[in-house]
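> I'd like to ask some things about the structure below.
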Amino acid sequence: VKQQRPQRDATVCFFSELAKVASARLPEFSPQSVSNIAWALATIGMLDEAEARSFMTAAALTAAPRLAEFPPQAISNLCWAVGGMPRANTSRANSQGKIASRAVNAQAEAAAQQAAQRVSEFSWQDLSSVIVALGHGQHRTPTIKRLATQLVYQASDNCHKLSTQVMLNIALSATRLNVQHEILRQLVIQIGSCIAAPTAQVSPIDLSQWAELQNRCPAFNVSSQKAIGTHSSYSL
């Protein structure tokens, strides 16, 4: 462990400096570049570092009013990355905390608007990533709830095209965003049927999410209630 520590420190120093330079030169970056940097910083676990948080805040504030210029994948990646900022840093009463909170909320609202207006441009994976990020966030507005409701209806009509993971992500996020259970009925039933199918390829993560969905939104038919038992060979 002691031999590896200098390498980890060097990595942190490198990405901290990258975030610092990127913040200063933010207007020079393309939408995809902004998104890629944010995604990279979040993926390698840099969001506890001040420089990375400063970049995320600046990127969110800069991107929010011009998110219409961002391609769907860039919106998805940025939404996921910004949504991963530690809540303690966005809920502080000091000026930095307030700015960070405003940035996160503005970006979330803009992402929900763009996803709803340009839904046909987004892949289901990107839509899933956006709604998961919004579902885990603290920003709750009619715009975000409308997007969640829209995705539930569309997923219900396209279940034959979707993976179980995407359907579960959408349904769980919708429950977190307080979409009415009655609206979720058809999607939950179809997820249960997919999981209960003898030929279903269901992972332990899928089953864990399904159990959480059952707790949040009780099953609407008997076949859905039996879904977990059908795949009892998986350990949750």
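To be explicit about the labels: the chains of the structure tokens are called A, B, and onward in the order shown, and within each one the residues are counted from 1, while ligands get numbers from 1 in the order they are shown.
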May I have the residues within 7 Å of Met56 in chain A as a list in words, using only C-alpha atoms and disregarding those fewer than 4 positions away in the same chain?

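Within the cut-off, the hits are Ala38, Ala52, Ala60 and Val82 of chain A.
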
> So that I can see what lies close to Glu121 in chain A, please list as an mmCIF file with C-alpha atoms, in the first residue's frame the residues with an atom at most 9 Å from it, counting only C-alpha atoms and leaving out residues fewer than 5 positions away in the same chain.


data_model
loop_
_atom_site.group_PDB
_atom_site.id
_atom_site.type_symbol
_atom_site.label_atom_id
_atom_site.label_comp_id
_atom_site.auth_asym_id
_atom_site.auth_seq_id
_atom_site.Cartn_x
_atom_site.Cartn_y
_atom_site.Cartn_z
ATOM 1 C CA PRO A 71 -25.564 16.303 -27.937
ATOM 2 C CA PRO A 72 -27.665 13.784 -25.957
ATOM 3 C CA ALA A 115 -34.496 15.325 -22.545
#

> Please, what distance in Å, to one decimal, runs between CA of Val21 in chain A and CA of Glu51 in chain A?

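Answer for the CA of Val21 in chain A to CA of Glu51 in chain A separation: 9.3 Å.
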
> Rounded to one decimal place, report the CA of Ala200 in chain A-CA of His160 in chain A distance in Å.

12.6 Å

> Report the distance between CA of Leu184 in chain A and CA of Gly135 in chain A in Å, rounded to one decimal place.

15.1 Å

> Would you return as an NGL selection string the members of range 27-138 of chain A that DSSP assigns to helix (DSSP H, G or I) on this structure's backbone?

:A and (27-28 or 31-43 or 50-69 or 72-83 or 87-90 or 95-117 or 119-121 or 124-136)

> For a quick check of understanding, using only C-alpha atoms, which of A:Ala24, A:Met85, A:Ala116, A:Ile144 has the smallest distance to Asp48 in chain A?

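When distances to Asp48 in chain A are compared using only C-alpha atoms, the smallest one comes from A:Met85.
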
> Just the residues within 10 Å of Thr141 in chain A, please, counting only C-alpha atoms, with nothing from its chain fewer than 3 positions along; format it as a PyMOL selection string.

chain A and resi 105+108-109+112+138+144-146+177

> Skipping near chain neighbours, those fewer than 2 positions away, what residues fall within 10 Å of Asn178 in chain A using only C-alpha atoms, listed as a list of chain:residue names?

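Contacts, in chain order: A:Gly135, A:Arg140, A:Lys145, A:Ala148, A:Thr149, A:Leu172, A:Ser173, A:Ala174, A:Thr175, A:Arg176, A:Gln180, A:His181.
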
> Rank A:Pro65, A:Pro27, A:Pro198, A:Gly84 by their smallest atom-to-atom distance to Thr43 in chain A, using only C-alpha atoms, and report the top residue only.

A:Gly84
